[in-house]
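Enquirer: File follows, query_8.txt with compact mmCIF, C-alpha atoms:
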# COMPACT_ATOMS: atom_id res chain seq x y z
CA ALA S 8 0.00 0.00 0.00
CA PRO S 9 1.18 3.59 -0.59
CA GLU S 10 2.96 5.31 2.27
CA THR S 11 0.45 8.15 2.20
CA PHE S 12 -2.36 8.13 4.77
CA TYR S 13 -5.18 8.84 2.33
CA LEU S 14 -5.60 7.25 -1.08
CA ASP S 15 -6.34 9.55 -4.01
CA PRO S 16 -8.88 8.35 -6.62
CA ALA S 17 -7.35 10.74 -9.15
CA LYS S 18 -4.18 8.63 -9.18
CA GLY S 19 -4.61 5.53 -11.32
CA GLY S 20 -2.70 3.06 -9.16
CA GLN S 21 -4.43 4.16 -5.98
CA ARG S 22 -7.83 4.13 -7.67
CA ARG S 23 -7.27 0.54 -8.79
CA LEU S 24 -6.33 -0.41 -5.22
CA MET S 25 -9.51 1.21 -3.89
CA ASP S 26 -11.74 -0.44 -6.48
CA LEU S 27 -10.12 -3.85 -6.04
CA THR S 28 -10.54 -3.68 -2.25
CA LEU S 29 -14.24 -2.83 -2.52
CA ALA S 30 -14.87 -5.46 -5.20
CA TYR S 31 -13.20 -8.14 -3.08
CA HIS S 32 -15.36 -7.32 -0.04
CA ARG S 33 -18.53 -7.40 -2.15
CA GLU S 34 -17.66 -10.79 -3.60
CA VAL S 35 -17.04 -12.25 -0.13
CA VAL S 36 -20.59 -11.31 0.89
CA ARG S 37 -22.00 -12.54 -2.43
CA THR S 38 -20.26 -15.88 -1.88
CA ILE S 39 -21.93 -16.16 1.55
CA GLU S 40 -25.23 -15.19 -0.06
CA HIS S 41 -24.81 -17.93 -2.71
CA LEU S 42 -24.15 -20.58 -0.04
CA ALA S 43 -27.13 -19.42 2.02
CA SER S 44 -29.40 -19.52 -1.03
CA SER S 45 -28.29 -23.06 -1.88
CA PHE S 46 -28.91 -24.18 1.70
CA LYS S 47 -32.36 -22.59 1.85
CA ASN S 48 -33.39 -24.09 -1.47
CA GLY S 49 -32.17 -27.55 -0.50
CA PHE S 50 -33.34 -27.67 3.11
CA GLY S 51 -37.00 -27.72 2.22
CA ARG S 52 -38.42 -25.73 5.14
CA PRO S 53 -38.44 -22.10 6.32
CA THR S 54 -34.89 -21.12 7.26
CA LEU S 55 -33.17 -18.01 8.56
CA ALA S 56 -29.73 -17.27 7.13
CA LEU S 57 -27.44 -15.06 9.21
CA THR S 58 -23.69 -14.67 9.00
CA TYR S 59 -20.93 -13.45 11.22
CA LEU S 60 -19.70 -10.39 9.39
CA PRO S 61 -16.27 -11.49 8.13
CA GLY S 62 -13.34 -9.11 8.41
CA ASN S 63 -12.83 -9.35 4.67
CA GLY S 64 -16.47 -8.42 4.10
CA ASN S 65 -16.59 -5.39 6.38
CA MET S 66 -16.81 -2.96 3.48
CA SER S 67 -19.90 -4.58 2.00
CA ARG S 68 -22.49 -4.31 4.73
CA SER S 69 -24.94 -2.62 2.35
CA THR S 70 -24.71 -5.61 -0.01
CA LEU S 71 -25.69 -7.87 2.88
CA LEU S 72 -28.53 -5.61 4.07
CA SER S 73 -30.01 -5.35 0.58
CA SER S 74 -29.83 -9.11 0.00
CA THR S 75 -33.07 -10.97 -0.62
CA VAL S 76 -31.47 -14.16 0.75
CA MET S 77 -29.68 -13.10 3.93
CA ASP S 78 -31.79 -12.41 7.02
CA GLY S 79 -29.22 -10.60 9.14
CA LEU S 80 -25.74 -10.46 10.56
CA VAL S 81 -23.90 -11.25 13.79
CA VAL S 82 -21.02 -9.15 15.11
CA LEU S 83 -18.46 -9.27 17.90
CA PRO S 84 -17.99 -6.55 20.52
CA GLY S 85 -14.58 -4.95 20.81
CA TYR S 86 -11.83 -5.82 23.27
CA LEU S 87 -9.19 -3.83 25.11
CA ARG S 88 -10.47 -0.94 27.24
CA GLU S 89 -13.93 -1.19 25.75
CA ARG S 90 -14.63 -4.17 27.98
CA ALA S 91 -13.17 -2.64 31.12
CA PRO S 92 -15.39 -1.90 34.13
CA GLY S 93 -17.51 1.16 33.50
CA SER S 94 -17.62 0.70 29.73
CA ALA S 95 -19.74 -1.09 27.15
CA ALA S 96 -17.97 -2.75 24.25
CA LEU S 97 -19.05 -1.81 20.74
CA PRO S 98 -18.65 -3.80 17.54
CA ASN S 99 -17.03 -2.05 14.62
CA MET S 100 -19.84 0.04 13.12
CA PRO S 101 -22.92 -1.16 15.05
CA ILE S 102 -25.36 -0.36 12.23
CA VAL S 103 -28.55 -1.32 14.04
CA GLY S 104 -30.52 1.53 12.46
CA SER S 105 -29.74 0.39 8.94
CA ALA S 106 -30.48 -3.23 9.82
CA ARG S 107 -33.93 -2.18 11.03
CA LEU S 108 -34.58 -0.05 7.94
CA HIS S 109 -33.83 -3.09 5.79
CA ALA S 110 -35.74 -5.54 8.04
CA LYS S 111 -32.66 -7.57 9.01
CA PHE S 112 -31.61 -9.13 12.31
CA PHE S 113 -28.62 -7.50 14.03
CA ILE S 114 -27.20 -9.72 16.77
CA GLU S 115 -24.14 -9.16 18.95
CA GLU S 116 -22.24 -12.05 20.45
CA VAL S 117 -21.76 -11.40 24.16
CA ASP S 118 -18.77 -13.59 24.94
CA PHE S 119 -17.34 -12.13 28.13
CA ARG S 120 -15.02 -14.29 30.19
CA THR S 121 -15.56 -14.80 33.91
CA GLU S 122 -12.92 -15.08 36.60
CA TYR S 123 -13.02 -18.85 36.04
CA SER S 124 -11.40 -18.43 32.63
CA ASP S 125 -7.99 -20.05 32.65
CA PHE S 126 -5.74 -17.10 31.77
CA ALA S 127 -2.90 -16.59 34.22
CA ASN S 128 -1.38 -13.65 32.35
CA GLN S 129 -2.80 -10.45 33.84
CA GLU S 130 -2.22 -8.41 30.69
CA ARG S 131 -4.15 -10.99 28.70
CA ARG S 132 -6.97 -10.89 31.23
CA ARG S 133 -7.18 -7.09 30.92
CA TRP S 134 -7.17 -7.34 27.12
CA LEU S 135 -10.14 -9.70 27.31
CA GLY S 136 -11.92 -7.38 29.73
CA MET S 137 -12.40 -10.09 32.34
CA ALA S 138 -14.48 -8.80 35.26
CA GLU S 139 -13.74 -9.82 38.84
CA GLY S 140 -16.28 -11.86 40.76
CA VAL S 141 -19.94 -12.60 40.24
CA ALA S 142 -21.03 -9.00 40.80
CA GLY S 143 -18.43 -7.66 38.36
CA HIS S 144 -19.60 -10.01 35.64
CA ALA S 145 -23.27 -9.15 36.26
CA HIS S 146 -22.54 -5.43 35.97
CA GLN S 147 -20.60 -6.09 32.78
CA LEU S 148 -23.57 -7.87 31.21
CA ARG S 149 -25.97 -5.12 32.35
CA ARG S 150 -23.83 -2.49 30.63
CA GLN S 151 -23.40 -4.53 27.49
CA TYR S 152 -27.00 -5.61 27.01
CA GLY S 153 -28.22 -2.17 28.08
CA SER S 154 -26.20 -0.63 25.25
CA ILE S 155 -27.44 -3.25 22.78
CA PHE S 156 -31.10 -2.94 23.78
CA ALA S 157 -31.00 0.86 23.76
CA ARG S 158 -30.08 0.74 20.06
CA GLY S 159 -32.81 -1.76 19.27
CA GLY S 160 -30.49 -4.70 18.76
CA THR S 161 -30.26 -8.05 20.48
CA GLY S 162 -27.54 -10.45 21.49
CA TRP S 163 -26.76 -14.06 22.18
CA PHE S 164 -24.78 -15.14 25.20
CA MET S 165 -21.77 -17.42 24.95
CA ASN S 166 -20.21 -18.87 28.09
CA ILE S 167 -16.44 -19.08 27.87
CA GLY S 168 -14.06 -20.37 30.50
CA GLN S 169 -16.39 -22.40 32.73
CA LYS S 170 -14.91 -24.94 35.11
CA ALA S 171 -16.86 -27.83 36.55
CA ASP S 172 -17.31 -26.09 39.90
CA GLY S 173 -18.32 -22.74 38.37
CA GLY S 174 -21.37 -23.68 36.35
CA TRP S 175 -24.19 -21.38 35.34
CA ASP S 176 -26.60 -23.18 37.64
CA GLY S 177 -24.79 -21.40 40.48
CA PRO S 178 -24.11 -17.77 41.41
CA PHE S 179 -23.55 -16.59 37.82
CA ALA S 180 -27.00 -17.70 36.64
CA PRO S 181 -29.41 -14.98 37.92
CA ILE S 182 -28.06 -12.26 35.62
CA LEU S 183 -29.12 -14.27 32.56
CA GLY S 184 -32.73 -14.26 33.75
CA GLU S 185 -32.47 -10.52 34.38
CA VAL S 186 -31.27 -9.93 30.84
CA GLN S 187 -34.06 -12.08 29.41
CA ARG S 188 -36.71 -10.19 31.39
CA ALA S 189 -35.30 -6.87 30.20
CA ALA S 190 -35.46 -8.05 26.57
CA ALA S 191 -39.07 -9.18 26.98
CA LEU S 192 -40.02 -5.86 28.58
CA LEU S 193 -38.33 -3.99 25.75
CA VAL S 194 -40.46 -5.77 23.16
CA LYS S 195 -43.66 -5.43 25.19
CA GLU S 196 -43.28 -1.68 25.70
CA LYS S 197 -41.74 -1.02 22.26
CA ALA S 198 -39.15 1.06 24.06
CA THR S 199 -36.91 1.46 21.02
CA ALA S 200 -39.66 3.08 18.97
CA GLU S 201 -39.13 6.46 20.63
CA THR S 202 -37.86 9.35 18.53
CA GLU S 203 -34.10 9.30 18.31
CA GLN S 204 -32.27 12.50 19.16
CA VAL S 205 -29.05 11.65 17.34
CA ALA S 206 -28.48 9.86 14.03
CA VAL S 207 -24.92 8.67 13.43
CA PHE S 208 -23.72 7.94 9.91
CA ALA S 209 -20.62 6.05 8.84
CA ASP S 210 -19.44 4.97 5.42
CA GLU S 211 -18.84 1.22 5.41
CA THR S 212 -16.23 1.65 2.66
CA PHE S 213 -14.16 4.38 4.30
CA GLN S 214 -11.28 2.04 5.11
CA ALA S 215 -10.77 1.48 1.39
CA TYR S 216 -9.82 5.15 1.06
CA VAL S 217 -6.88 5.05 3.46
CA SER S 218 -3.69 3.04 3.19
CA MET S 219 -3.70 -0.41 4.79
CA LYS S 220 -1.40 0.42 7.71
CA ASN S 221 -3.68 3.28 8.80
CA ARG S 222 -7.09 1.61 8.57
CA GLU S 223 -7.41 0.48 12.16
CA ASP S 224 -6.41 3.88 13.57
CA HIS S 225 -8.92 5.57 11.30
CA LEU S 226 -11.68 3.24 12.45
CA MET S 227 -10.96 3.64 16.15
CA GLN S 228 -10.63 7.43 16.10
CA TYR S 229 -13.31 8.56 13.71
CA VAL S 230 -15.99 5.89 14.05
CA ASN S 231 -15.94 4.00 17.34
CA GLY S 232 -14.86 7.03 19.38
CA ALA S 233 -18.00 8.96 18.51
CA TRP S 234 -20.30 6.03 19.37
CA ARG S 235 -18.58 5.56 22.70
CA ALA S 236 -19.13 9.22 23.57
CA LEU S 237 -22.81 8.90 22.66
CA ASN S 238 -23.16 5.86 24.91
CA TYR S 239 -22.29 8.11 27.84
CA SER S 240 -24.27 11.12 26.65
CA GLY S 241 -27.76 10.15 27.83
CA LEU S 242 -29.08 10.99 24.36
CA THR S 243 -31.12 8.49 22.36
CA HIS S 244 -29.16 7.66 19.24
CA GLN S 245 -29.17 5.28 16.32
CA THR S 246 -26.49 4.20 13.88
CA TYR S 247 -26.71 4.03 10.10
CA LEU S 248 -24.67 3.37 7.03
CA LEU S 249 -23.97 6.53 5.09
CA GLY S 250 -26.01 5.13 2.19
CA ASP S 251 -29.16 5.30 4.33
CA LEU S 252 -28.84 9.06 4.86
CA THR S 253 -31.67 9.71 2.40
CA HIS S 254 -33.72 6.60 3.16
CA PRO S 255 -37.40 7.68 3.16
CA ARG S 256 -38.26 5.62 6.28
CA ARG S 257 -35.33 6.77 8.41
CA PRO S 258 -36.65 8.51 11.54
CA LYS S 259 -35.84 12.20 11.82
CA ALA S 260 -33.17 13.27 14.28
CA SER S 261 -32.26 16.75 15.50
CA ILE S 262 -28.53 15.97 15.65
CA CYS S 263 -26.69 14.24 12.81
CA VAL S 264 -23.12 13.04 13.34
CA PHE S 265 -21.00 12.01 10.35
CA THR S 266 -18.16 9.91 11.73
CA ALA S 267 -16.71 8.65 8.47
CA ALA S 268 -17.99 10.41 5.39
CA SER S 269 -15.08 10.86 3.00
CA SER S 270 -17.19 9.37 0.18
CA LEU S 271 -20.19 11.70 0.54
CA SER S 272 -21.44 12.21 -3.00
CA THR S 273 -22.40 15.51 -4.59
CA ASN S 274 -26.05 14.43 -4.44
CA GLN S 275 -25.78 13.63 -0.73
CA ILE S 276 -24.11 16.96 -0.01
CA THR S 277 -26.91 18.74 -1.86
CA TRP S 278 -29.50 16.71 0.09
CA ILE S 279 -27.87 17.78 3.37
CA GLU S 280 -27.98 21.42 2.27
CA GLN S 281 -31.65 21.19 1.35
CA ASN S 282 -32.92 19.04 4.22
CA LEU S 283 -30.61 19.30 7.24
CA GLN S 284 -29.27 22.85 7.16
CA LYS S 285 -32.53 24.23 8.54
CA ASP S 286 -35.13 23.77 11.31
CA GLY S 287 -32.55 23.85 14.08
CA HIS S 288 -30.60 20.74 13.03
CA ILE S 289 -27.13 20.30 14.53
CA LEU S 290 -24.58 18.76 12.16
CA VAL S 291 -21.26 17.29 13.30
CA PHE S 292 -18.56 16.29 10.81
CA ILE S 293 -15.49 14.32 11.92
CA GLY S 294 -12.44 13.93 9.70
CA ASP S 295 -12.33 14.21 5.93
CA ALA S 296 -16.04 14.46 5.07
CA GLY S 297 -16.63 15.03 1.37
CA ARG S 298 -12.98 14.56 0.38
CA LEU S 299 -13.69 12.30 -2.60
CA ALA S 300 -16.55 14.29 -4.16
CA PRO S 301 -15.84 16.70 -7.05
CA GLY S 302 -14.42 19.94 -5.74
CA GLY S 303 -12.38 18.27 -2.99
CA PHE S 304 -12.42 18.49 0.77
CA GLU S 305 -12.18 22.22 1.43
CA VAL S 306 -14.94 23.12 -1.03
CA ASN S 307 -17.28 20.39 0.16
CA ILE S 308 -16.74 20.84 3.90
CA LYS S 309 -17.51 24.53 3.43
CA ARG S 310 -20.83 23.52 1.86
CA LEU S 311 -21.50 21.06 4.68
CA CYS S 312 -20.68 23.13 7.77
CA GLY S 313 -20.18 26.69 6.56
CA MET S 314 -16.61 26.91 7.87
CA ARG S 315 -13.25 27.02 6.15
CA VAL S 316 -11.46 23.84 7.18
CA CYS S 317 -8.02 22.92 5.86
CA LEU S 318 -6.62 19.44 5.30
CA ARG S 319 -2.88 18.79 5.01
CA PRO S 320 -2.58 15.02 4.50
CA GLU S 321 1.21 15.15 4.27
CA LEU S 322 1.48 16.23 7.93
CA ILE S 323 0.71 13.50 10.48
CA VAL S 324 -0.09 14.92 13.92
CA SER S 325 -1.55 13.84 17.25
CA HIS S 326 -5.33 13.83 17.35
CA ASN S 327 -5.45 14.42 21.08
CA PHE S 328 -6.62 17.84 22.24
CA SER S 329 -4.86 20.42 24.33
CA PRO S 330 -6.00 20.56 27.99
CA ASP S 331 -6.35 24.35 27.63
CA ARG S 332 -9.97 25.30 27.04
CA PHE S 333 -11.69 28.17 25.31
CA PRO S 334 -14.36 29.99 27.36
CA ASP S 335 -17.32 28.66 25.38
CA PRO S 336 -19.31 26.18 27.56
CA LEU S 337 -19.33 23.67 24.70
CA ALA S 338 -15.56 23.30 25.15
CA THR S 339 -15.77 21.95 28.71
CA PRO S 340 -16.64 18.28 28.03
CA ILE S 341 -14.12 17.73 25.23
CA PRO S 342 -11.63 15.08 26.46
CA ASN S 343 -7.89 15.72 26.40
CA ASN S 344 -6.88 12.20 25.48
CA SER S 345 -7.98 9.17 23.58
CA VAL S 346 -9.34 6.11 25.41
CA TRP S 347 -7.07 3.95 23.26
CA VAL S 348 -3.82 2.44 24.38
CA LYS S 349 -1.76 4.44 21.89
CA THR S 350 -2.00 8.10 20.99
CA PRO S 351 -4.26 8.59 17.96
CA SER S 352 -2.70 10.34 15.00
CA GLY S 353 -3.56 11.25 11.44
CA PRO S 354 -3.41 13.99 8.83
CA LEU S 355 -3.56 17.57 10.03
CA CYS S 356 -7.13 18.86 9.71
CA TYR S 357 -7.83 22.26 11.26
CA VAL S 358 -10.35 25.10 11.23
CA ASP S 359 -9.10 28.37 9.71
CA ASP S 360 -12.16 30.59 9.78
CA PRO S 361 -12.46 33.86 11.76
CA SER S 362 -16.25 33.51 11.84
CA ALA S 363 -16.03 30.16 13.69
CA THR S 364 -16.04 29.75 17.47
CA PRO S 365 -13.00 27.66 18.53
CA LEU S 366 -13.49 24.97 21.18
CA ALA S 367 -10.23 23.01 21.35
CA LEU S 368 -6.70 23.05 19.95
CA LEU S 369 -4.86 20.00 18.72
CA ALA S 370 -2.38 18.92 21.40
CA GLY S 371 0.99 20.69 21.24
CA SER S 372 -0.07 23.09 18.50
CA SER S 373 -1.94 26.30 17.74
CA PHE S 374 -4.24 24.58 15.25
CA ILE S 375 -7.97 24.59 16.03
CA GLY S 376 -9.19 21.00 16.04
CA VAL S 377 -12.81 21.56 17.13
CA ALA S 378 -15.03 24.54 16.35
CA VAL S 379 -18.64 25.57 15.80
Could you quickly redo this structure as structure tokens?
Expert:
Amino acid sequence: APETFYLDPAKGGQRRLMDLTLAYHREVVRTIEHLASSFKNGFGRPTLALTYLPGNGNMSRSTLLSSTVMDGLVVLPGYLRERAPGSAALPNMPIVGSARLHAKFFIEEVDFRTEYSDFANQERRRWLGMAEGVAGHAHQLRRQYGSIFARGGTGWFMNIGQKADGGWDGPFAPILGEVQRAAALLVKEKATAETEQVAVFADETFQAYVSMKNREDHLMQYVNGAWRALNYSGLTHQTYLLGDLTHPRRPKASICVFTAASSLSTNQITWIEQNLQKDGHILVFIGDAGRLAPGGFEVNIKRLCGMRVCLRPELIVSHNFSPDRFPDPLATPIPNNSVWVKTPSGPLCYVDDPSATPLALLAGSSFIGVAV
């Protein structure tokens, strides 16, 4: 892969790499779809076909959701600090909103280890997010299923690391009944049908537009970081693929967050101008929104948010924020540091507009990283 952070579709070799990556991911999902169709046709009775979303099919979620054969997908929650006490692990791009729009199942595998799991290495135990004791594990499941249910999803529980004397007929069992009762109550009261305050959009293909060595950083910073913040916000929110931005049945939301939107098309940008830049909507754009559309990043981000924002992809900088705060009250809750183990970094993207209100500087610099 090229050494550059971003790939440029105007350069032939990079364009071929982008197209090949996307085509490969689509064909992986189509292969799964072909196998599911053959099974359904041969089994001779009503059958549901779901698949674990493969890593090499991550960029083709829309192909799966539009399939007339597949009935849904199953995903894994993240590891590392996401599973630590006080947190709720998120899968990469938990697109529950899009799954519901397309009438598909969206199931998360809840595979937390208990203290009975046979891992002596403490660092390994922290990486797996292993809770201490019965109470710790119960709280972990409450957080996890609470996050899942709040988005309208569901999950299946997998018991890992059980010893003969630590079975689920003992002290660990009651939490499973609690989770089941919560799920039943959710369905009975249709609790997820309430109006969502925040709609979060992410482009499933965005990792095809950055070089291979930078894909994971891009995902963690721009996509999962925003969803984690919303989990703690107290706001009702739902998550969608960028392609469902204009879906006629998508519920309206007052706040729209675009976590990965480099491939916003000219038509989508125009739709945002006509439909979201009015009636008190709040729009949040993270990263290189609109970079690939005709006109380039600076022209398109100006159309999207009304500010002059500059992008210098040749300069890789820290994406942490300075602890110094501007006086605006919106600046107060912005965190100084990433929740990730390593410092996030990426191309320099900064606000250079005297009409904007600055909220935070990029760490160790005079560049404005957040503004309204």
Enquirer: Using all atoms listed in the file, find the one residue out of S:Thr266, S:Thr246, S:Asn48, S:Asn65 that sits nearest to S:Glu211.
Expert: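 Among S:Thr266, S:Thr246, S:Asn48, S:Asn65, it is S:Asn65 that comes nearest to S:Glu211.
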Enquirer: Can you pull out the residues contacting S:Phe292? Cut-off 10 Å, using only C-alpha atoms, and skip same-chain residues under 5 positions away; I want them as a ChimeraX atom specification.
Expert: /S:208,229,263-268,297,308,311-312
Enquirer: Using all atoms listed in the file, which residues sit within 10 Å of S:Arg256 once same-chain residues fewer than 5 positions away are excluded, as a list in words?
Expert: Leu108, His109 and Asp251 of chain S
Enquirer: What lies within 6 Å of S:Leu80 using all atoms listed in the file, ignoring chain neighbours under 6 positions off, as a list of chain:residue names?
Expert: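 Returned residues: S:Leu57, S:Thr58, S:Tyr59, S:Phe113.
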Enquirer: Nearest residue to S:Val103 out of S:Phe156, S:Phe46, S:Trp163, S:Tyr239, using all atoms listed in the file?
Expert: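 Ranked by minimum distance to S:Val103, first place goes to S:Phe156.
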Enquirer: What does the distance between atom CA of S:Gly371 and atom CA of S:Phe328 come to in Å, to one decimal place?
Expert: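 The value is 8.2 Å.
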Enquirer: Just how far from atom CA of S:Ala30 is atom CA of S:Ala43, in Å to one decimal?
Expert: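 Separation between atom CA of S:Ala43 and atom CA of S:Ala30: 19.9 Å.
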Enquirer: Using only C-alpha atoms, which residue out of S:Ala206, S:Ala260, S:Ala215, S:Ile102 lies closest to S:Gly159?
Expert: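 Of S:Ala206, S:Ala260, S:Ala215, S:Ile102, the one nearest S:Gly159 is S:Ile102, counting only C-alpha atoms.
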Enquirer: So, with all atoms listed in the file as the atoms that count, which of S:Ala209, S:Thr70, S:Ala138, S:Lys18 lies closest to S:Tyr247?
Expert: S:Ala209
Enquirer: Under the rule that only C-alpha atoms are counted, which of S:Tyr86, S:Tyr357, S:Phe112, S:Phe12 is the nearest residue to S:Ala56?
Expert: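 Ranked by minimum distance to S:Ala56, first place goes to S:Phe112.
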